[in-house]
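Engineer: Pasting model01.cif here (mmCIF, C-alpha atoms and all ligand atoms):
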data_input
loop_
_atom_site.label_atom_id
_atom_site.label_comp_id
_atom_site.auth_asym_id
_atom_site.auth_seq_id
_atom_site.Cartn_x
_atom_site.Cartn_y
_atom_site.Cartn_z
CA MET X 150 0.00 0.00 0.00
CA ARG X 151 1.45 3.34 -1.04
CA ILE X 152 1.33 5.86 1.79
CA ILE X 153 2.25 9.51 1.45
CA ALA X 154 3.19 11.19 4.72
CA ASP X 155 3.85 14.77 5.72
CA LEU X 156 5.54 14.29 9.06
CA GLN X 157 6.09 17.90 10.06
CA ILE X 158 3.47 20.64 10.21
CA HIS X 159 2.27 23.25 12.71
CA SER X 160 -0.99 24.10 14.42
CA LYS X 161 -2.63 27.47 14.76
CA TYR X 162 -0.70 27.87 18.03
CA SER X 163 2.65 28.40 16.34
CA GLY X 164 3.79 31.87 15.32
CA ALA X 165 2.77 33.15 11.88
CA THR X 166 0.37 30.30 11.19
CA SER X 167 -3.12 30.29 9.72
CA SER X 168 -6.02 30.29 12.20
CA ARG X 169 -7.38 27.45 10.05
CA MET X 170 -4.67 25.03 11.21
CA VAL X 171 -7.20 22.88 13.05
CA LEU X 172 -7.87 19.14 12.75
CA GLU X 173 -11.01 19.26 10.60
CA GLU X 174 -9.46 21.59 8.02
CA LEU X 175 -6.22 19.62 7.99
CA SER X 176 -8.13 16.38 7.37
CA TYR X 177 -10.18 17.93 4.60
CA TYR X 178 -7.24 19.40 2.69
CA ALA X 179 -5.04 16.35 3.31
CA ARG X 180 -7.66 14.30 1.45
CA LEU X 181 -7.62 16.64 -1.53
CA LYS X 182 -3.84 16.55 -1.52
CA GLY X 183 -3.65 12.76 -1.29
CA LEU X 184 -1.85 12.67 2.06
CA ASP X 185 -2.43 9.49 4.05
CA VAL X 186 -0.45 10.42 7.15
CA LEU X 187 0.01 13.81 8.74
CA GLY X 188 2.03 15.02 11.74
CA THR X 189 -0.15 16.71 14.33
CA GLY X 190 2.27 19.60 14.81
CA ASP X 191 2.83 21.36 18.14
CA ALA X 192 2.10 18.37 20.40
CA LEU X 193 3.79 20.05 23.38
CA HIS X 194 1.42 23.02 23.36
CA PRO X 195 -1.08 22.62 26.24
CA ILE X 196 -4.16 23.95 24.41
CA TRP X 197 -3.41 22.14 21.15
CA MET X 198 -2.83 18.98 23.22
CA GLU X 199 -6.36 19.36 24.61
CA GLU X 200 -7.72 19.74 21.08
CA LEU X 201 -5.80 16.65 19.95
CA LYS X 202 -7.20 14.61 22.86
CA ARG X 203 -10.73 15.74 22.08
CA GLY X 204 -10.51 15.59 18.30
CA LEU X 205 -8.53 12.40 17.66
CA GLU X 206 -9.08 8.74 18.38
CA LYS X 207 -6.53 5.92 18.40
CA VAL X 208 -6.52 3.43 15.56
CA ASP X 209 -6.10 0.17 17.46
CA GLU X 210 -2.76 0.28 19.26
CA LYS X 211 -0.80 1.28 16.20
CA GLY X 212 0.50 4.65 17.37
CA VAL X 213 -1.60 6.46 14.77
CA TYR X 214 -4.79 8.46 15.20
CA ARG X 215 -7.67 9.64 13.09
CA LEU X 216 -10.28 12.35 13.37
CA ARG X 217 -12.76 11.18 16.00
CA GLY X 218 -15.85 9.64 14.46
CA SER X 219 -14.55 10.06 10.90
CA GLY X 220 -14.11 6.36 10.18
CA GLY X 221 -11.57 7.26 7.51
CA GLY X 222 -9.47 10.11 6.21
CA PRO X 223 -5.83 10.79 6.94
CA LEU X 224 -4.05 9.28 9.92
CA PHE X 225 -2.17 11.46 12.38
CA ILE X 226 1.18 10.86 14.07
CA VAL X 227 1.88 12.82 17.23
CA GLN X 228 4.58 15.33 16.35
CA THR X 229 6.19 18.59 17.37
CA GLU X 230 9.01 20.87 16.40
CA VAL X 231 11.17 22.51 19.06
CA ALA X 232 14.03 25.00 19.00
CA THR X 233 17.09 24.65 21.19
CA ILE X 234 19.45 27.51 22.00
CA HIS X 235 22.84 26.65 23.39
CA GLU X 236 26.38 27.86 23.36
CA LEU X 237 29.24 26.01 21.66
CA ASP X 238 32.76 27.41 21.24
CA LYS X 239 31.55 30.81 22.44
CA LYS X 240 28.94 30.98 19.69
CA THR X 241 25.18 30.81 20.15
CA ARG X 242 23.62 27.89 18.26
CA ARG X 243 19.95 27.95 17.36
CA ILE X 244 18.66 24.66 16.02
CA HIS X 245 15.21 23.25 15.20
CA HIS X 246 14.37 19.60 15.77
CA VAL X 247 11.36 17.46 14.87
CA ILE X 248 10.13 14.95 17.46
CA LEU X 249 7.69 12.10 16.74
CA PHE X 250 5.86 10.37 19.61
CA ARG X 251 4.16 7.02 19.68
CA ASP X 252 1.12 8.48 21.44
CA LEU X 253 -0.37 11.57 23.07
CA GLU X 254 0.58 10.25 26.52
CA ALA X 255 4.27 10.27 25.57
CA ALA X 256 3.95 13.83 24.25
CA ALA X 257 2.27 14.90 27.50
CA GLN X 258 5.11 13.34 29.46
CA ALA X 259 7.66 15.12 27.27
CA ALA X 260 5.84 18.41 27.82
CA ASP X 261 6.07 17.82 31.53
CA LEU X 262 9.85 17.36 31.39
CA LEU X 263 10.51 20.17 28.92
CA SER X 264 8.34 22.79 30.63
CA LYS X 265 11.25 23.41 33.02
CA TYR X 266 13.40 24.65 30.15
CA GLY X 267 11.07 26.84 28.14
CA ASP X 268 7.60 28.34 27.93
CA LEU X 269 5.53 25.70 26.12
CA ARG X 270 2.44 27.90 26.23
CA SER X 271 3.90 30.84 24.35
CA ASP X 272 4.32 29.12 21.00
CA GLY X 273 3.49 25.77 19.39
CA ARG X 274 7.16 25.52 18.53
CA PRO X 275 8.75 26.25 21.92
CA ILE X 276 12.26 27.58 22.46
CA LEU X 277 14.18 25.45 24.94
CA ASP X 278 17.22 26.52 26.87
CA ILE X 279 19.05 23.16 26.57
CA THR X 280 21.60 21.43 24.38
CA PRO X 281 20.38 19.16 21.58
CA ALA X 282 22.12 16.24 23.34
CA PHE X 283 20.15 16.88 26.52
CA LEU X 284 16.95 17.14 24.48
CA VAL X 285 17.62 13.65 23.08
CA GLU X 286 18.44 12.35 26.56
CA LEU X 287 15.14 13.66 27.95
CA MET X 288 13.12 12.25 25.06
CA MET X 289 14.74 8.83 25.44
CA GLU X 290 13.78 9.02 29.09
CA VAL X 291 10.16 9.51 27.98
CA SER X 292 10.37 6.60 25.56
CA GLN X 293 12.88 4.86 23.33
CA ASP X 294 10.13 5.01 20.70
CA CYS X 295 10.55 8.76 20.19
CA LEU X 296 12.21 9.75 16.95
CA ILE X 297 14.19 13.00 16.83
CA PHE X 298 15.75 14.51 13.74
CA PRO X 299 17.06 17.94 12.80
CA ALA X 300 14.48 20.08 10.97
CA HIS X 301 15.12 21.83 7.60
CA ALA X 302 18.80 21.08 8.08
CA TRP X 303 20.33 23.79 5.91
CA THR X 304 18.30 26.96 6.36
CA PRO X 305 20.56 29.85 7.44
CA TRP X 306 18.71 30.47 10.69
CA TRP X 307 17.55 27.87 13.17
CA SER X 308 19.05 24.74 11.66
CA ILE X 309 21.75 22.18 12.35
CA PHE X 310 23.96 23.14 9.38
CA GLY X 311 22.69 26.72 9.10
CA ALA X 312 25.28 29.29 8.03
CA ILE X 313 24.32 31.67 10.82
CA SER X 314 23.88 29.63 13.99
CA GLY X 315 24.39 25.99 13.10
CA VAL X 316 27.31 23.55 13.31
CA ASP X 317 29.19 21.44 10.76
CA THR X 318 28.40 17.89 11.83
CA VAL X 319 25.67 15.83 13.47
CA GLU X 320 28.18 14.94 16.20
CA GLU X 321 28.85 18.58 17.06
CA CYS X 322 25.12 19.04 17.48
CA TYR X 323 24.02 15.91 19.33
CA GLU X 324 27.38 15.00 20.93
CA ASP X 325 27.26 11.65 22.75
CA LYS X 326 23.60 11.19 21.73
CA SER X 327 24.38 11.24 17.99
CA ASP X 328 23.77 7.50 17.75
CA LYS X 329 20.08 8.22 18.42
CA ILE X 330 19.81 10.32 15.26
CA TYR X 331 18.69 8.39 12.18
CA ALA X 332 17.32 11.01 9.83
CA ILE X 333 17.70 14.54 8.56
CA GLU X 334 14.98 16.74 7.14
CA THR X 335 16.43 18.37 4.04
CA GLY X 336 14.08 21.38 3.96
CA LEU X 337 12.67 23.16 0.94
CA SER X 338 15.93 24.84 -0.10
CA SER X 339 17.95 21.64 -0.48
CA ASP X 340 17.30 18.35 -2.26
CA PRO X 341 18.88 14.88 -1.93
CA LEU X 342 21.31 15.66 -4.78
CA MET X 343 22.82 18.44 -2.70
CA ASN X 344 22.91 16.35 0.48
CA TRP X 345 24.56 13.45 -1.36
CA ARG X 346 27.62 15.65 -1.79
CA VAL X 347 28.35 15.40 1.95
CA SER X 348 29.57 11.85 2.58
CA ARG X 349 29.15 12.20 6.35
CA LEU X 350 25.39 12.24 5.76
CA ASP X 351 25.29 8.93 3.87
CA ARG X 352 24.12 6.97 6.89
CA TYR X 353 21.08 9.19 7.51
CA THR X 354 17.63 8.84 5.99
CA LEU X 355 16.88 12.05 4.12
CA LEU X 356 13.30 13.06 4.93
CA SER X 357 11.11 15.76 3.49
CA SER X 358 8.07 17.44 4.99
CA SER X 359 6.21 20.67 4.52
CA ASP X 360 6.65 22.41 7.92
CA SER X 361 3.34 23.91 6.81
CA HIS X 362 1.82 26.95 8.47
CA SER X 363 -1.37 26.76 6.43
CA PRO X 364 -3.81 23.91 5.67
CA TYR X 365 -4.21 24.71 1.96
CA PRO X 366 -2.81 22.15 -0.46
CA TYR X 367 -0.34 24.63 -1.91
CA ARG X 368 1.45 24.47 1.45
CA LEU X 369 0.39 21.23 3.16
CA GLY X 370 2.34 18.25 1.78
CA ARG X 371 4.50 20.53 -0.32
CA GLU X 372 7.25 18.06 0.52
CA ALA X 373 6.52 14.53 1.77
CA VAL X 374 7.73 10.94 2.07
CA VAL X 375 6.28 8.09 0.02
CA PHE X 376 6.22 4.79 1.91
CA GLU X 377 5.23 1.30 0.77
CA LEU X 378 3.81 -0.36 3.86
CA GLU X 379 1.77 -3.46 4.53
CA ASP X 380 0.22 -1.87 7.55
CA VAL X 381 0.29 1.78 8.60
CA SER X 382 1.60 2.03 12.11
CA TYR X 383 3.96 4.30 14.03
CA ASP X 384 6.41 1.45 14.57
CA GLU X 385 6.47 0.52 10.90
CA ILE X 386 7.11 4.10 9.78
CA VAL X 387 9.79 4.76 12.39
CA ASP X 388 11.46 1.39 11.74
CA ALA X 389 11.61 2.11 7.99
CA ILE X 390 13.21 5.49 8.74
CA LYS X 391 15.69 4.02 11.24
CA LYS X 392 16.77 1.33 8.78
CA LYS X 393 16.77 3.66 5.77
CA ASP X 394 14.84 0.87 4.11
CA SER X 395 14.46 1.53 0.39
CA LYS X 396 11.84 -1.22 0.13
CA ARG X 397 9.56 0.70 2.49
CA ILE X 398 10.63 4.25 1.69
CA ILE X 399 9.98 4.55 -2.02
CA MET X 400 11.04 8.16 -2.40
CA THR X 401 10.73 11.66 -1.06
CA LEU X 402 8.74 14.33 -2.85
CA GLU X 403 10.69 17.52 -3.10
CA VAL X 404 10.10 20.96 -4.47
CA PRO X 405 13.05 21.91 -6.68
CA PRO X 406 15.54 23.38 -4.19
CA SER X 407 15.78 26.66 -6.09
CA TYR X 408 12.10 27.16 -5.19
CA GLY X 409 13.01 27.31 -1.47
CA LYS X 410 13.40 30.65 0.29
CA TYR X 411 17.13 30.36 0.94
CA HIS X 412 18.61 28.56 -2.06
CA TRP X 413 20.98 31.34 -3.14
CA SER X 414 22.39 34.35 -1.32
CA GLY X 415 20.95 37.83 -1.18
CA HIS X 416 19.72 40.74 0.90
CA ARG X 417 15.98 41.00 0.64
CA ARG X 418 15.65 44.44 2.21
CA CYS X 419 17.84 46.00 -0.44
CA GLY X 420 16.29 43.92 -3.22
CA VAL X 421 19.66 42.24 -3.83
CA GLY X 422 19.45 38.65 -5.03
CA PRO X 423 19.36 35.87 -5.98
CA ILE X 424 23.16 35.68 -6.20
CA PRO X 425 24.80 32.40 -7.28
CA PRO X 426 27.52 30.94 -5.00
CA ALA X 427 30.59 31.90 -7.07
CA ARG X 428 29.42 35.49 -7.45
CA ALA X 429 28.47 35.79 -3.77
CA ARG X 430 31.96 34.62 -2.79
CA GLU X 431 33.53 37.25 -5.08
CA MET X 432 31.37 39.85 -3.36
CA GLY X 433 32.68 38.66 0.02
CA TYR X 434 29.04 38.06 1.02
CA ARG X 435 28.53 41.81 1.37
CA CYS X 436 25.45 43.63 0.16
CA PRO X 437 26.53 46.15 -2.51
CA ILE X 438 23.83 48.59 -1.38
CA CYS X 439 24.00 48.68 2.42
CA GLY X 440 27.30 46.93 3.05
CA ARG X 441 25.74 44.46 5.50
CA ARG X 442 26.28 40.73 5.23
CA LEU X 443 24.28 38.87 2.63
CA THR X 444 22.18 35.96 3.88
CA LYS X 445 24.22 33.04 2.65
CA GLY X 446 22.39 30.60 0.39
CA VAL X 447 21.88 26.94 1.22
CA GLU X 448 23.75 25.96 -1.94
CA ASP X 449 26.79 27.91 -0.70
CA ARG X 450 26.58 26.24 2.69
CA VAL X 451 26.36 22.74 1.16
CA GLU X 452 29.38 23.60 -0.99
CA GLU X 453 31.35 24.45 2.19
CA LEU X 454 30.68 21.06 3.77
CA ALA X 455 30.71 18.96 0.58
CA ASP X 456 33.46 16.41 -0.05
CA ARG X 457 31.99 15.05 -3.30
CA PRO X 458 31.47 16.70 -6.69
CA PRO X 459 27.92 17.55 -7.83
CA GLY X 460 26.07 14.61 -9.37
CA ALA X 461 27.57 11.88 -7.15
CA ARG X 462 25.03 9.35 -5.87
CA PRO X 463 26.12 7.40 -2.78
CA PRO X 464 25.19 3.71 -2.48
CA GLY X 465 21.93 3.12 -0.64
CA ALA X 466 20.59 6.59 -1.43
CA LEU X 467 16.79 6.83 -1.53
CA ASP X 468 15.01 8.07 -4.64
CA PHE X 469 13.21 11.37 -4.93
CA GLN X 470 10.84 13.14 -7.31
CA TYR X 471 10.40 16.87 -7.83
CA VAL X 472 6.89 18.20 -7.32
CA ILE X 473 5.35 21.65 -7.31
CA PRO X 474 1.93 22.31 -5.74
CA LEU X 475 -0.85 21.89 -8.30
CA GLN X 476 -2.47 25.23 -7.48
CA GLU X 477 0.80 26.98 -8.26
CA LEU X 478 1.06 25.20 -11.59
CA ILE X 479 -2.54 26.12 -12.37
CA ALA X 480 -1.85 29.78 -11.48
CA VAL X 481 1.27 29.77 -13.67
CA SER X 482 -0.67 28.18 -16.54
CA MET X 483 -3.24 30.99 -16.23
CA GLY X 484 -0.56 33.68 -16.23
CA LEU X 485 -1.35 34.63 -12.62
CA ASP X 486 1.24 35.61 -10.05
CA TYR X 487 1.51 32.31 -8.24
CA SER X 488 3.59 33.80 -5.43
CA SER X 489 0.51 35.70 -4.28
CA GLU X 490 -1.69 33.73 -1.90
CA THR X 491 -4.66 35.75 -3.14
CA ALA X 492 -4.11 34.30 -6.60
CA LEU X 493 -3.64 30.75 -5.29
CA ASN X 494 -6.80 31.02 -3.23
CA SER X 495 -8.80 32.75 -5.99
CA LYS X 496 -12.07 31.29 -7.24
CA LYS X 497 -10.58 30.78 -10.69
CA VAL X 498 -7.72 28.62 -9.40
CA TRP X 499 -9.91 26.67 -6.95
CA GLN X 500 -12.46 25.94 -9.69
CA GLN X 501 -9.79 24.52 -11.96
CA TYR X 502 -8.24 22.61 -9.04
CA MET X 503 -11.51 21.04 -7.90
CA GLY X 504 -12.40 20.24 -11.51
CA LEU X 505 -9.21 18.22 -11.81
CA ILE X 506 -9.64 16.54 -8.43
CA ASN X 507 -13.25 15.60 -9.16
CA SER X 508 -12.47 14.09 -12.53
CA LEU X 509 -9.03 12.55 -11.98
CA GLY X 510 -8.40 11.95 -8.26
CA ASN X 511 -6.32 13.57 -5.52
CA GLU X 512 -3.51 16.03 -6.16
CA PHE X 513 -0.60 13.62 -5.76
CA HIS X 514 -2.27 11.26 -8.23
CA ILE X 515 -2.52 14.14 -10.71
CA LEU X 516 1.05 15.31 -10.14
CA LEU X 517 2.67 11.87 -10.14
CA ASP X 518 0.56 9.39 -12.08
CA ALA X 519 -2.37 10.76 -14.09
CA SER X 520 -2.08 10.64 -17.88
CA LEU X 521 -1.08 13.92 -19.47
CA GLU X 522 -3.82 13.52 -22.09
CA LYS X 523 -6.46 13.38 -19.39
CA ILE X 524 -4.98 16.42 -17.63
CA ALA X 525 -5.01 18.30 -20.94
CA GLU X 526 -8.64 17.27 -21.54
CA VAL X 527 -9.74 18.75 -18.22
CA SER X 528 -7.43 21.76 -17.94
CA GLY X 529 -5.88 22.42 -21.31
CA PRO X 530 -2.43 21.85 -22.79
CA ARG X 531 -0.57 24.54 -20.81
CA LEU X 532 -1.09 22.79 -17.48
CA ALA X 533 -0.32 19.38 -19.02
CA THR X 534 2.97 20.79 -20.36
CA LEU X 535 3.88 22.19 -16.95
CA ILE X 536 3.17 18.86 -15.26
CA ALA X 537 5.21 17.01 -17.89
CA ASP X 538 8.11 19.43 -17.31
CA MET X 539 7.75 19.04 -13.55
CA ARG X 540 7.84 15.24 -13.77
CA ARG X 541 11.15 15.30 -15.60
CA GLY X 542 12.60 18.01 -13.37
CA ALA X 543 12.72 20.51 -16.22
CA ILE X 544 10.83 23.46 -14.79
CA LYS X 545 13.01 26.53 -14.71
CA ILE X 546 13.02 28.52 -11.53
CA ARG X 547 14.58 31.81 -10.57
CA PRO X 548 16.16 30.80 -7.22
CA GLY X 549 14.86 31.95 -3.87
CA TYR X 550 17.06 34.01 -1.54
CA ASP X 551 16.96 35.60 1.92
CA GLY X 552 13.36 34.59 2.62
CA VAL X 553 12.02 35.18 -0.92
CA TYR X 554 10.58 32.10 -2.64
CA GLY X 555 12.01 31.04 -5.98
CA ARG X 556 9.86 31.90 -9.01
CA ILE X 557 8.68 29.49 -11.66
CA ILE X 558 9.42 30.70 -15.17
CA PHE X 559 6.65 29.42 -17.40
CA GLY X 560 7.46 27.57 -20.53
CA SER X 561 11.23 27.74 -20.18
CA ALA X 562 11.53 24.03 -20.81
CA SER X 563 9.27 24.19 -23.86
CA GLY X 564 10.74 27.24 -25.54
CA ASN X 565 8.36 29.88 -24.20
CA THR X 566 10.21 32.19 -21.84
CA ARG X 567 7.40 34.43 -20.67
CA THR X 568 7.63 35.18 -16.96
CA PRO X 569 4.23 35.81 -15.40
CA THR X 570 5.37 38.70 -13.24
CA GLN X 571 8.73 40.13 -12.39
CA LYS X 572 8.64 42.40 -9.38
CA ARG X 573 12.07 43.98 -9.53
CA GLY X 574 13.64 43.91 -12.94
CA SER X 575 16.76 45.69 -11.70
CA LEU X 576 17.88 42.77 -9.51
CA GLU X 577 19.55 41.17 -12.48
CA ASP X 578 22.09 44.04 -12.38
CA PHE X 579 23.79 42.39 -9.44
CA LEU X 580 24.22 38.98 -11.02
ZN ZN U 1 11.68 25.08 12.00
ZN ZN U 2 21.57 45.36 1.76
#
Re-express the file's structure as structure tokens.
Ligand SMILES: [Zn+2]
Ligand SMILES: [Zn+2]
Structural biologist:
Amino acid sequence: MRIIADLQIHSKYSGATSSRMVLEELSYYARLKGLDVLGTGDALHPIWMEELKRGLEKVDEKGVYRLRGSGGGPLFIVQTEVATIHELDKKTRRIHHVILFRDLEAAAQAADLLSKYGDLRSDGRPILDITPAFLVELMMEVSQDCLIFPAHAWTPWWSIFGAISGVDTVEECYEDKSDKIYAIETGLSSDPLMNWRVSRLDRYTLLSSSDSHSPYPYRLGREAVVFELEDVSYDEIVDAIKKKDSKRIIMTLEVPPSYGKYHWSGHRRCGVGPIPPARAREMGYRCPICGRRLTKGVEDRVEELADRPPGARPPGALDFQYVIPLQELIAVSMGLDYSSETALNSKKVWQQYMGLINSLGNEFHILLDASLEKIAEVSGPRLATLIADMRRGAIKIRPGYDGVYGRIIFGSASGNTRTPTQKRGSLEDFL
């Protein structure tokens, strides 16, 4: 049975999230998207925990839950993200971690232990005043079933390998608890190809999830893991991750890394970027307008830690497939500015989206499997062309930088180079 899982999301109790991040909405949109398993997000937050207890019911004793009384729909795995702040070599390190729990009771126990080190009430993703190693130690005290892995591993801020407040190795981060780390979340701005360049990461399972702040299918499941499982249970999923089992983990679904908000360097406030690695190095990572430091791109950071040339595939590496949210492709095919949420949530785009879902099946089926002829029949040749380009990784994207998402350039792969909108034409001057 093919299972698509988005193992890291947030609830409405995390900062900068949609007020619609509630269980019913998540279940509804997960169905449209084709997600079978969803993290609950924010399981340490006391109010969200109450909502989870009320809104979810256990499916047997499998460590997965579903919406109470629903009888179907996506399954939930108890999950949170936390931030640790600690000092190493006189430098402050700020790192995000994902934690999966076998049940709500374990999460409640974890909340009990962690409440001494941070304010769990203030944000769904709490900031803890402890070392990552101590975090692992505490979670193992709760249960050996907990799975901890670094979140969006390369983003400049708040990540294990982040250019600004990260470290260079898993061991520097988790110290004597490193043997409890089995996976790394690659984040939107990096893909497996980039991670494969760092041989030290070969032993880890590269995971992808959306870290979504909104329930809409252009955010939820934007990245995900495709499993092949006989039975969907917490133990089965965690065991497949721990063993990096390519029979049970078919592939990850990844947005092209240039689409992520930190792929290349730049300085958003001055409108400077995206700047490719070689050019950013020549510039000494200084903004030519204000003289401040540029926010270093993820590609640059990978380059610093890489010990293999681009294109190398280590043995045992898991497969991946590039995907782009269907609503964004629809918006691009209509010539709309897909980076605007108003456009993505417009009646026009939703009508087209629901038309496709109603005639062909859920979004992942349309993106991954549906025949291009059928897509063209329902939505016209432009969308079918975009999906074909996406499937072979040929969509051209102007890379993201310093918090600005990358921009899809329509038709680049098929000879048409029209860009739907270009906010600041003068940026190219710095390239
Ligand atoms: Zn995070
Ligand atoms: Zn600047």
Engineer: How would you report the residues lying within 12 Å of ligand ZN 1 (chain U), as a PDB file with C-alpha atoms, in the coordinates of the input, if you count all atoms listed in the file?
Structural biologist:
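The file below, out18.pdb, is the result:
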ATOM      1  CA  GLN X 157       6.090  17.900  10.060  1.00  0.00           C
ATOM      2  CA  ILE X 158       3.470  20.640  10.210  1.00  0.00           C
ATOM      3  CA  HIS X 159       2.270  23.250  12.710  1.00  0.00           C
ATOM      4  CA  SER X 163       2.650  28.400  16.340  1.00  0.00           C
ATOM      5  CA  GLY X 164       3.790  31.870  15.320  1.00  0.00           C
ATOM      6  CA  GLY X 190       2.270  19.600  14.810  1.00  0.00           C
ATOM      7  CA  ASP X 191       2.830  21.360  18.140  1.00  0.00           C
ATOM      8  CA  THR X 229       6.190  18.590  17.370  1.00  0.00           C
ATOM      9  CA  GLU X 230       9.010  20.870  16.400  1.00  0.00           C
ATOM     10  CA  VAL X 231      11.170  22.510  19.060  1.00  0.00           C
ATOM     11  CA  ALA X 232      14.030  25.000  19.000  1.00  0.00           C
ATOM     12  CA  THR X 233      17.090  24.650  21.190  1.00  0.00           C
ATOM     13  CA  ARG X 243      19.950  27.950  17.360  1.00  0.00           C
ATOM     14  CA  ILE X 244      18.660  24.660  16.020  1.00  0.00           C
ATOM     15  CA  HIS X 245      15.210  23.250  15.200  1.00  0.00           C
ATOM     16  CA  HIS X 246      14.370  19.600  15.770  1.00  0.00           C
ATOM     17  CA  VAL X 247      11.360  17.460  14.870  1.00  0.00           C
ATOM     18  CA  ILE X 248      10.130  14.950  17.460  1.00  0.00           C
ATOM     19  CA  GLY X 273       3.490  25.770  19.390  1.00  0.00           C
ATOM     20  CA  ARG X 274       7.160  25.520  18.530  1.00  0.00           C
ATOM     21  CA  PRO X 275       8.750  26.250  21.920  1.00  0.00           C
ATOM     22  CA  ILE X 276      12.260  27.580  22.460  1.00  0.00           C
ATOM     23  CA  PHE X 298      15.750  14.510  13.740  1.00  0.00           C
ATOM     24  CA  PRO X 299      17.060  17.940  12.800  1.00  0.00           C
ATOM     25  CA  ALA X 300      14.480  20.080  10.970  1.00  0.00           C
ATOM     26  CA  HIS X 301      15.120  21.830   7.600  1.00  0.00           C
ATOM     27  CA  ALA X 302      18.800  21.080   8.080  1.00  0.00           C
ATOM     28  CA  TRP X 303      20.330  23.790   5.910  1.00  0.00           C
ATOM     29  CA  THR X 304      18.300  26.960   6.360  1.00  0.00           C
ATOM     30  CA  PRO X 305      20.560  29.850   7.440  1.00  0.00           C
ATOM     31  CA  TRP X 306      18.710  30.470  10.690  1.00  0.00           C
ATOM     32  CA  TRP X 307      17.550  27.870  13.170  1.00  0.00           C
ATOM     33  CA  SER X 308      19.050  24.740  11.660  1.00  0.00           C
ATOM     34  CA  ILE X 309      21.750  22.180  12.350  1.00  0.00           C
ATOM     35  CA  GLY X 311      22.690  26.720   9.100  1.00  0.00           C
ATOM     36  CA  GLU X 334      14.980  16.740   7.140  1.00  0.00           C
ATOM     37  CA  THR X 335      16.430  18.370   4.040  1.00  0.00           C
ATOM     38  CA  GLY X 336      14.080  21.380   3.960  1.00  0.00           C
ATOM     39  CA  LEU X 337      12.670  23.160   0.940  1.00  0.00           C
ATOM     40  CA  SER X 358       8.070  17.440   4.990  1.00  0.00           C
ATOM     41  CA  SER X 359       6.210  20.670   4.520  1.00  0.00           C
ATOM     42  CA  ASP X 360       6.650  22.410   7.920  1.00  0.00           C
ATOM     43  CA  SER X 361       3.340  23.910   6.810  1.00  0.00           C
ATOM     44  CA  HIS X 362       1.820  26.950   8.470  1.00  0.00           C
TER      45      HIS X 362
END
Engineer: As a PyMOL selection string, please: the residues near X:Cys439 (cut-off 10 Å, all atoms listed in the file, same-chain neighbours under 6 positions excluded).
Structural biologist: chain X and resi 416+418-419+421
Engineer: Tell me, as a list in words, which residues lie within 12 Å of X:Met289, counting all atoms listed in the file; anything in the same chain fewer than 3 positions away does not count.
Structural biologist: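 Within the cut-off, the hits are Ile248, Leu249, Phe250, Ala255, Ala256, Gln258, Ala259, Leu262, Ala282, Phe283, Leu284, Val285, Glu286, Ser292, Gln293, Asp294, Cys295, Leu296, Ile297, Lys326, Asp328, Lys329 and Ile330 of chain X.
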Engineer: Enumerate residues in contact with ligand ZN 2 (chain U): an atom-to-atom distance of at most 10 Å, counting only C-alpha atoms and all ligand atoms. Format the result as a PDB file with C-alpha atoms, in the coordinates of the input.
Structural biologist:
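Just written: pocket.pdb:
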ATOM      1  CA  GLY X 415      20.950  37.830  -1.180  1.00  0.00           C
ATOM      2  CA  HIS X 416      19.720  40.740   0.900  1.00  0.00           C
ATOM      3  CA  ARG X 417      15.980  41.000   0.640  1.00  0.00           C
ATOM      4  CA  ARG X 418      15.650  44.440   2.210  1.00  0.00           C
ATOM      5  CA  CYS X 419      17.840  46.000  -0.440  1.00  0.00           C
ATOM      6  CA  GLY X 420      16.290  43.920  -3.220  1.00  0.00           C
ATOM      7  CA  VAL X 421      19.660  42.240  -3.830  1.00  0.00           C
ATOM      8  CA  GLY X 422      19.450  38.650  -5.030  1.00  0.00           C
ATOM      9  CA  ARG X 435      28.530  41.810   1.370  1.00  0.00           C
ATOM     10  CA  CYS X 436      25.450  43.630   0.160  1.00  0.00           C
ATOM     11  CA  PRO X 437      26.530  46.150  -2.510  1.00  0.00           C
ATOM     12  CA  ILE X 438      23.830  48.590  -1.380  1.00  0.00           C
ATOM     13  CA  CYS X 439      24.000  48.680   2.420  1.00  0.00           C
ATOM     14  CA  GLY X 440      27.300  46.930   3.050  1.00  0.00           C
ATOM     15  CA  ARG X 441      25.740  44.460   5.500  1.00  0.00           C
ATOM     16  CA  ARG X 442      26.280  40.730   5.230  1.00  0.00           C
ATOM     17  CA  LEU X 443      24.280  38.870   2.630  1.00  0.00           C
ATOM     18  CA  THR X 444      22.180  35.960   3.880  1.00  0.00           C
TER      19      THR X 444
END
Engineer: What does the distance between atom CA of X:Ala154 and atom CA of X:Val375 come to in Å, to one decimal place?
Structural biologist: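 It comes out at 6.4 Å.
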Engineer: For stretch 376-390 of chain X, list every protein, DNA or RNA residue within 7 Å, evaluated using only C-alpha atoms, and leave out those in the same chain fewer than 4 positions away; present the list as a list in words.
Structural biologist: Met150, Arg151, Ile152, Ile153, Lys211, Gly212, Val213, Arg251, Ala332, Thr354, Asp394, Arg397, Ile398 and Ile399 of chain X
Engineer: Mind giving me the straight-line distance from atom CA of X:Ile473 to atom CA of X:Leu342 in Å, one decimal?
Structural biologist: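 These two atoms are separated by 17.2 Å.
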Engineer: As an exercise, work out the distance from atom CA of X:Gln500 to atom CA of X:Tyr177 in Å and give it to one decimal place.
Structural biologist: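 Atom CA of X:Tyr177 lies at a distance of 16.5 Å from atom CA of X:Gln500.
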Engineer: Skipping near chain neighbours, those fewer than 2 positions away, what residues fall within 12 Å of X:Phe469 using all atoms listed in the file, listed as a ChimeraX atom specification?
Structural biologist: /X:335,340-342,355-357,372-376,395,398-405,466-467,471-472,517,540-542
